[in-house]
Amino acid sequence: MEFGYARVSTQEQNLDLQLDAFSKAGIIKVFTDKVSGVRSDKPNLNELLKYARSGDTLVVWRLDRLGRTTVQLIQFIEELTKQGINLKSLTEPIDTSTATGTLIVQIFCVLAEHERNVLRERTKAGLTAARTRGRTGGRPRGLVNKYEAIKYFVKDTYDKKNATIDEIMKAYKIPSKTTFYKILKSAEQRQLEKKQ
């Protein structure tokens with residue numbers, strides 16, 4: 001059986017163009033969604049996938065009705081293949097029930113994998129270049145300047161036991177207890193170094 005799937009991005013847009021194309025192609029059962037292509041949740045597409053069985057064909061007006069990015073689309077096609085559901089586009093030469101259609105999808109898959117590999121290589125090269133310039137990723141080690149400047153005051157206030165930790169944090173605008181204890185530790189280390 002062939003099932004149509006039509007989607008527009010907003011409530012203001014209408015589905016007429018796609019529905020007319022399905023009618024002309026003789027497809028009677030059509031599922032529709034009015035959601036953005038960026039969103040992964042397409043309720044009626046999910047309903048169609050529950051309804052369809054192995055050997056059935058999902059028909060779309062254009063492939064971009066299924067997802068915005070190549071990676072999204074490839075993942076979706078791979079999921080269809082696992083379930084034994086074919087995919088057909090009315091305006092593009094895609095029909096995975098034919099050898100040519102399957103070949104085109106496989107080429108898409110190879111291109112998507114190539115795109116991922118190139119991105120990985122660029123990221124790796126960027127990190128290497130940053131390291132050679134002395135920059136490393138992640139959070140900076142040690143305290144940020146504003147806490148470096150107040151750490152002895154915080155430690156002194158804490159040692160006097162005149163205020164609770166929450167009161168000290170509020171007074172010095174320290175956002176978390178993790179940061180508070182990091183400030184104390186840094187002040188203590190510096191004092192130990194001086195004694196040595």
# chains A, B, ... in the order shown; residues from 1 in each chain; ligands from 1
call {"tool": "closest_atom_pairs", "arguments": {"of": "region 47-106 of chain A", "to": "region 21-24 of chain A", "cutoff": "12 Å", "atoms": "only C-alpha atoms", "output": "Markdown table"}}
result
| residue | atom | partner | partner_atom | distance |
| --- | --- | --- | --- | --- |
| A:Leu58 | CA | A:Phe22 | CA | 11.5 |
| A:Val59 | CA | A:Phe22 | CA | 8.4 |
| A:Val60 | CA | A:Phe22 | CA | 8.3 |
| A:Trp61 | CA | A:Ala21 | CA | 7.1 |
| A:Arg62 | CA | A:Ala21 | CA | 10.6 |
| A:Lys88 | CA | A:Phe22 | CA | 11.6 |
| A:Ser89 | CA | A:Phe22 | CA | 10.5 |
| A:Leu90 | CA | A:Ala21 | CA | 7.7 |
| A:Thr91 | CA | A:Ala21 | CA | 9.4 |
call {"tool": "select_by_dssp", "arguments": {"residues": "chain A", "states": "strand (DSSP E or B)", "output": "MDAnalysis selection string"}}
result
chainID A and resid 2:8 30:34 57:60 86:89 95
call {"tool": "select_by_dssp", "arguments": {"residues": "region 10-114 of chain A", "states": "helix (DSSP H, G or I)", "output": "JSON, numbers by chain"}}
result
{"A": [16, 17, 18, 19, 20, 21, 22, 23, 24, 43, 44, 45, 46, 47, 48, 49, 50, 51, 63, 64, 65, 70, 71, 72, 73, 74, 75, 76, 77, 78, 79, 80, 81, 82, 83, 99, 100, 101, 102, 103, 104, 105, 106, 107, 108, 109, 110, 111, 112, 113, 114]}
call {"tool": "write_last_selection", "arguments": {"atoms": "N, CA and C atoms", "output": "short mmCIF file (atom, residue, chain, number, x, y, z; two decimals), in the first residue's frame"}}
result
data_model
loop_
_atom_site.label_atom_id
_atom_site.label_comp_id
_atom_site.auth_asym_id
_atom_site.auth_seq_id
_atom_site.Cartn_x
_atom_site.Cartn_y
_atom_site.Cartn_z
N ASP A 16 -2.71 22.32 0.05
CA ASP A 16 -3.40 22.03 -1.21
C ASP A 16 -2.49 21.50 -2.31
N LEU A 17 -1.34 22.15 -2.52
CA LEU A 17 -0.42 21.73 -3.59
C LEU A 17 -0.02 20.27 -3.43
N GLN A 18 0.35 19.90 -2.19
CA GLN A 18 0.77 18.52 -1.93
C GLN A 18 -0.40 17.54 -2.05
N LEU A 19 -1.54 17.92 -1.51
CA LEU A 19 -2.72 17.04 -1.56
C LEU A 19 -3.18 16.82 -2.98
N ASP A 20 -3.11 17.87 -3.83
CA ASP A 20 -3.47 17.73 -5.25
C ASP A 20 -2.53 16.75 -5.95
N ALA A 21 -1.24 16.84 -5.62
CA ALA A 21 -0.25 15.93 -6.23
C ALA A 21 -0.52 14.48 -5.83
N PHE A 22 -0.91 14.25 -4.56
CA PHE A 22 -1.24 12.89 -4.11
C PHE A 22 -2.48 12.38 -4.83
N SER A 23 -3.47 13.24 -4.96
CA SER A 23 -4.72 12.86 -5.63
C SER A 23 -4.45 12.46 -7.08
N LYS A 24 -3.62 13.26 -7.74
CA LYS A 24 -3.25 12.98 -9.15
C LYS A 24 -2.50 11.66 -9.26
N PRO A 43 3.69 14.47 14.82
CA PRO A 43 2.72 13.50 15.34
C PRO A 43 2.07 12.59 14.29
N ASN A 44 1.63 13.17 13.18
CA ASN A 44 0.93 12.34 12.19
C ASN A 44 1.88 11.49 11.34
N LEU A 45 3.13 11.94 11.21
CA LEU A 45 4.14 11.10 10.56
C LEU A 45 4.41 9.88 11.44
N ASN A 46 4.49 10.10 12.74
CA ASN A 46 4.67 8.99 13.69
C ASN A 46 3.49 8.02 13.61
N GLU A 47 2.29 8.58 13.47
CA GLU A 47 1.07 7.76 13.34
C GLU A 47 1.13 6.91 12.08
N LEU A 48 1.58 7.52 10.98
CA LEU A 48 1.72 6.80 9.70
C LEU A 48 2.68 5.62 9.87
N LEU A 49 3.80 5.88 10.55
CA LEU A 49 4.82 4.82 10.73
C LEU A 49 4.29 3.66 11.58
N LYS A 50 3.38 3.96 12.52
CA LYS A 50 2.75 2.89 13.30
C LYS A 50 1.79 2.08 12.43
N TYR A 51 1.15 2.75 11.51
CA TYR A 51 0.13 2.17 10.64
C TYR A 51 0.73 1.33 9.51
N LEU A 63 11.34 15.45 -0.68
CA LEU A 63 12.05 14.90 0.47
C LEU A 63 12.16 15.88 1.63
N ASP A 64 12.20 17.18 1.33
CA ASP A 64 12.34 18.15 2.42
C ASP A 64 11.11 18.21 3.33
N ARG A 65 10.03 17.53 2.94
CA ARG A 65 8.84 17.44 3.80
C ARG A 65 9.11 16.55 5.02
N THR A 70 20.29 17.02 5.80
CA THR A 70 20.61 15.76 5.12
C THR A 70 20.74 14.64 6.15
N VAL A 71 21.38 14.95 7.27
CA VAL A 71 21.59 13.93 8.31
C VAL A 71 20.25 13.44 8.85
N GLN A 72 19.32 14.37 9.14
CA GLN A 72 17.98 14.00 9.62
C GLN A 72 17.31 13.06 8.61
N LEU A 73 17.40 13.45 7.34
CA LEU A 73 16.75 12.69 6.28
C LEU A 73 17.33 11.29 6.14
N ILE A 74 18.66 11.21 6.17
CA ILE A 74 19.33 9.91 6.04
C ILE A 74 18.95 8.99 7.21
N GLN A 75 18.95 9.55 8.42
CA GLN A 75 18.57 8.75 9.60
C GLN A 75 17.14 8.22 9.45
N PHE A 76 16.25 9.08 8.94
CA PHE A 76 14.86 8.68 8.76
C PHE A 76 14.75 7.56 7.72
N ILE A 77 15.47 7.70 6.60
CA ILE A 77 15.44 6.68 5.54
C ILE A 77 15.99 5.35 6.06
N GLU A 78 17.07 5.42 6.86
CA GLU A 78 17.63 4.20 7.45
C GLU A 78 16.62 3.51 8.35
N GLU A 79 15.84 4.31 9.11
CA GLU A 79 14.80 3.76 9.99
C GLU A 79 13.71 3.07 9.15
N LEU A 80 13.32 3.71 8.05
CA LEU A 80 12.32 3.11 7.14
C LEU A 80 12.82 1.78 6.59
N THR A 81 14.09 1.77 6.18
CA THR A 81 14.69 0.55 5.60
C THR A 81 14.64 -0.60 6.61
N LYS A 82 14.95 -0.30 7.88
CA LYS A 82 14.90 -1.34 8.92
C LYS A 82 13.50 -1.93 9.05
N GLN A 83 12.49 -1.07 8.87
CA GLN A 83 11.10 -1.54 9.00
C GLN A 83 10.56 -2.14 7.70
N ALA A 99 15.89 -0.29 -7.99
CA ALA A 99 17.35 -0.33 -7.83
C ALA A 99 17.95 1.07 -7.94
N THR A 100 17.45 1.88 -8.90
CA THR A 100 17.97 3.23 -9.11
C THR A 100 17.68 4.11 -7.90
N GLY A 101 16.46 4.03 -7.37
CA GLY A 101 16.08 4.81 -6.19
C GLY A 101 16.93 4.45 -4.99
N THR A 102 17.19 3.17 -4.81
CA THR A 102 18.03 2.71 -3.70
C THR A 102 19.45 3.23 -3.86
N LEU A 103 19.97 3.21 -5.11
CA LEU A 103 21.31 3.71 -5.38
C LEU A 103 21.42 5.19 -5.01
N ILE A 104 20.41 5.98 -5.38
CA ILE A 104 20.43 7.42 -5.08
C ILE A 104 20.46 7.64 -3.57
N VAL A 105 19.66 6.87 -2.82
CA VAL A 105 19.64 6.99 -1.36
C VAL A 105 21.00 6.61 -0.78
N GLN A 106 21.61 5.55 -1.33
CA GLN A 106 22.94 5.14 -0.86
C GLN A 106 23.98 6.22 -1.11
N ILE A 107 23.86 6.91 -2.25
CA ILE A 107 24.77 8.03 -2.54
C ILE A 107 24.56 9.13 -1.51
N PHE A 108 23.29 9.42 -1.18
CA PHE A 108 22.99 10.40 -0.13
C PHE A 108 23.67 10.00 1.18
N CYS A 109 23.58 8.71 1.52
CA CYS A 109 24.17 8.21 2.77
C CYS A 109 25.68 8.42 2.78
N VAL A 110 26.32 8.12 1.65
CA VAL A 110 27.77 8.28 1.54
C VAL A 110 28.14 9.76 1.70
N LEU A 111 27.37 10.65 1.05
CA LEU A 111 27.64 12.08 1.14
C LEU A 111 27.46 12.59 2.57
N ALA A 112 26.42 12.09 3.25
CA ALA A 112 26.18 12.51 4.64
C ALA A 112 27.32 12.04 5.54
N GLU A 113 27.79 10.81 5.32
CA GLU A 113 28.90 10.28 6.11
C GLU A 113 30.17 11.09 5.84
N HIS A 114 30.38 11.44 4.57
CA HIS A 114 31.54 12.27 4.19
C HIS A 114 31.47 13.62 4.90
#
call {"tool": "residues_around", "arguments": {"residues": "Lys29 (chain A)", "least_positions_apart": "2", "cutoff": "10 Å", "atoms": "only C-alpha atoms", "output": "PyMOL selection string"}}
result
chain A and resi 1-5+22-23+26-27+31+48
call {"tool": "write_last_selection", "arguments": {"atoms": "all heavy atoms", "output": "PDB file, in the first residue's frame"}}
result
ATOM      1  N   MET A   1       0.820  -1.193   0.000  1.00  0.00           N
ATOM      2  CA  MET A   1       0.000   0.000   0.000  1.00  0.00           C
ATOM      3  C   MET A   1       0.857   1.247   0.000  1.00  0.00           C
ATOM      4  O   MET A   1       1.945   1.263   0.562  1.00  0.00           O
ATOM      5  CB  MET A   1      -0.879   0.027   1.259  1.00  0.00           C
ATOM      6  CG  MET A   1      -2.339  -0.226   0.989  1.00  0.00           C
ATOM      7  SD  MET A   1      -3.301  -0.060   2.486  1.00  0.00           S
ATOM      8  CE  MET A   1      -4.177   1.441   2.113  1.00  0.00           C
ATOM      9  N   GLU A   2       0.371   2.322  -0.598  1.00  0.00           N
ATOM     10  CA  GLU A   2       1.069   3.599  -0.597  1.00  0.00           C
ATOM     11  C   GLU A   2       0.346   4.579   0.324  1.00  0.00           C
ATOM     12  O   GLU A   2      -0.864   4.730   0.260  1.00  0.00           O
ATOM     13  CB  GLU A   2       1.135   4.180  -2.012  1.00  0.00           C
ATOM     14  CG  GLU A   2       2.057   3.409  -2.931  1.00  0.00           C
ATOM     15  CD  GLU A   2       2.267   4.121  -4.258  1.00  0.00           C
ATOM     16  OE1 GLU A   2       1.399   4.906  -4.673  1.00  0.00           O
ATOM     17  OE2 GLU A   2       3.307   3.864  -4.881  1.00  0.00           O
ATOM     18  N   PHE A   3       1.127   5.228   1.204  1.00  0.00           N
ATOM     19  CA  PHE A   3       0.583   6.243   2.107  1.00  0.00           C
ATOM     20  C   PHE A   3       1.272   7.568   1.824  1.00  0.00           C
ATOM     21  O   PHE A   3       2.494   7.620   1.728  1.00  0.00           O
ATOM     22  CB  PHE A   3       0.841   5.860   3.572  1.00  0.00           C
ATOM     23  CG  PHE A   3       0.215   4.563   3.961  1.00  0.00           C
ATOM     24  CD1 PHE A   3       0.992   3.418   4.082  1.00  0.00           C
ATOM     25  CD2 PHE A   3      -1.149   4.460   4.199  1.00  0.00           C
ATOM     26  CE1 PHE A   3       0.429   2.203   4.439  1.00  0.00           C
ATOM     27  CE2 PHE A   3      -1.723   3.261   4.560  1.00  0.00           C
ATOM     28  CZ  PHE A   3      -0.942   2.123   4.677  1.00  0.00           C
ATOM     29  N   GLY A   4       0.479   8.618   1.709  1.00  0.00           N
ATOM     30  CA  GLY A   4       1.053   9.937   1.477  1.00  0.00           C
ATOM     31  C   GLY A   4       1.345  10.637   2.789  1.00  0.00           C
ATOM     32  O   GLY A   4       0.666  10.414   3.786  1.00  0.00           O
ATOM     33  N   TYR A   5       2.377  11.470   2.772  1.00  0.00           N
ATOM     34  CA  TYR A   5       2.652  12.324   3.925  1.00  0.00           C
ATOM     35  C   TYR A   5       2.905  13.739   3.421  1.00  0.00           C
ATOM     36  O   TYR A   5       3.794  13.970   2.593  1.00  0.00           O
ATOM     37  CB  TYR A   5       3.865  11.842   4.723  1.00  0.00           C
ATOM     38  CG  TYR A   5       4.206  12.799   5.850  1.00  0.00           C
ATOM     39  CD1 TYR A   5       3.353  12.934   6.946  1.00  0.00           C
ATOM     40  CD2 TYR A   5       5.344  13.602   5.796  1.00  0.00           C
ATOM     41  CE1 TYR A   5       3.636  13.833   7.971  1.00  0.00           C
ATOM     42  CE2 TYR A   5       5.636  14.497   6.812  1.00  0.00           C
ATOM     43  CZ  TYR A   5       4.776  14.614   7.897  1.00  0.00           C
ATOM     44  OH  TYR A   5       5.043  15.506   8.897  1.00  0.00           O
ATOM     45  N   PHE A  22      -0.910  14.250  -4.562  1.00  0.00           N
ATOM     46  CA  PHE A  22      -1.243  12.891  -4.112  1.00  0.00           C
ATOM     47  C   PHE A  22      -2.480  12.379  -4.826  1.00  0.00           C
ATOM     48  O   PHE A  22      -2.542  11.232  -5.250  1.00  0.00           O
ATOM     49  CB  PHE A  22      -1.455  12.854  -2.593  1.00  0.00           C
ATOM     50  CG  PHE A  22      -0.194  13.016  -1.799  1.00  0.00           C
ATOM     51  CD1 PHE A  22      -0.124  13.927  -0.755  1.00  0.00           C
ATOM     52  CD2 PHE A  22       0.936  12.263  -2.080  1.00  0.00           C
ATOM     53  CE1 PHE A  22       1.036  14.085  -0.016  1.00  0.00           C
ATOM     54  CE2 PHE A  22       2.099  12.410  -1.356  1.00  0.00           C
ATOM     55  CZ  PHE A  22       2.152  13.327  -0.325  1.00  0.00           C
ATOM     56  N   SER A  23      -3.472  13.236  -4.964  1.00  0.00           N
ATOM     57  CA  SER A  23      -4.723  12.861  -5.627  1.00  0.00           C
ATOM     58  C   SER A  23      -4.452  12.461  -7.077  1.00  0.00           C
ATOM     59  O   SER A  23      -4.965  11.454  -7.568  1.00  0.00           O
ATOM     60  CB  SER A  23      -5.690  14.049  -5.565  1.00  0.00           C
ATOM     61  OG  SER A  23      -6.882  13.724  -6.203  1.00  0.00           O
ATOM     62  N   GLY A  26      -3.031   9.122  -7.393  1.00  0.00           N
ATOM     63  CA  GLY A  26      -3.934   8.038  -6.982  1.00  0.00           C
ATOM     64  C   GLY A  26      -3.730   7.566  -5.548  1.00  0.00           C
ATOM     65  O   GLY A  26      -4.132   6.460  -5.186  1.00  0.00           O
ATOM     66  N   ILE A  27      -3.121   8.410  -4.731  1.00  0.00           N
ATOM     67  CA  ILE A  27      -2.881   8.039  -3.325  1.00  0.00           C
ATOM     68  C   ILE A  27      -4.044   8.565  -2.492  1.00  0.00           C
ATOM     69  O   ILE A  27      -4.310   9.763  -2.446  1.00  0.00           O
ATOM     70  CB  ILE A  27      -1.535   8.602  -2.827  1.00  0.00           C
ATOM     71  CG1 ILE A  27      -0.408   7.944  -3.636  1.00  0.00           C
ATOM     72  CG2 ILE A  27      -1.333   8.348  -1.345  1.00  0.00           C
ATOM     73  CD1 ILE A  27       0.887   8.657  -3.593  1.00  0.00           C
ATOM     74  N   PHE A  31      -1.491  11.346   5.381  1.00  0.00           N
ATOM     75  CA  PHE A  31      -1.306  11.879   6.729  1.00  0.00           C
ATOM     76  C   PHE A  31      -0.702  13.276   6.595  1.00  0.00           C
ATOM     77  O   PHE A  31       0.164  13.490   5.734  1.00  0.00           O
ATOM     78  CB  PHE A  31      -0.364  10.983   7.534  1.00  0.00           C
ATOM     79  CG  PHE A  31      -0.923   9.612   7.826  1.00  0.00           C
ATOM     80  CD1 PHE A  31      -0.966   8.630   6.834  1.00  0.00           C
ATOM     81  CD2 PHE A  31      -1.404   9.301   9.092  1.00  0.00           C
ATOM     82  CE1 PHE A  31      -1.480   7.368   7.107  1.00  0.00           C
ATOM     83  CE2 PHE A  31      -1.917   8.047   9.367  1.00  0.00           C
ATOM     84  CZ  PHE A  31      -1.964   7.077   8.374  1.00  0.00           C
ATOM     85  N   LEU A  48       1.580   7.516  10.976  1.00  0.00           N
ATOM     86  CA  LEU A  48       1.725   6.800   9.699  1.00  0.00           C
ATOM     87  C   LEU A  48       2.684   5.623   9.871  1.00  0.00           C
ATOM     88  O   LEU A  48       2.414   4.515   9.399  1.00  0.00           O
ATOM     89  CB  LEU A  48       2.244   7.763   8.631  1.00  0.00           C
ATOM     90  CG  LEU A  48       2.375   7.239   7.198  1.00  0.00           C
ATOM     91  CD1 LEU A  48       2.335   8.395   6.205  1.00  0.00           C
ATOM     92  CD2 LEU A  48       3.617   6.421   6.965  1.00  0.00           C
TER      93      LEU A  48
END
call {"tool": "atom_distance", "arguments": {"atom1": "CA of Gly84 (chain A)", "atom2": "CA of Gly55 (chain A)"}}
result
5.8 Å
call {"tool": "atom_distance", "arguments": {"atom1": "CA of Lys34 (chain A)", "atom2": "CA of Ala52 (chain A)"}}
result
20.5 Å
call {"tool": "residues_around", "arguments": {"residues": "region 157-167 of chain A", "least_positions_apart": "4", "cutoff": "10 Å", "atoms": "only C-alpha atoms", "output": "PyMOL selection string"}}
result
chain A and resi 151-153+171-174+176-177+180-181+184
call {"tool": "atom_distance", "arguments": {"atom1": "CA of Asn14 (chain A)", "atom2": "CA of Val30 (chain A)"}}
result
14.5 Å
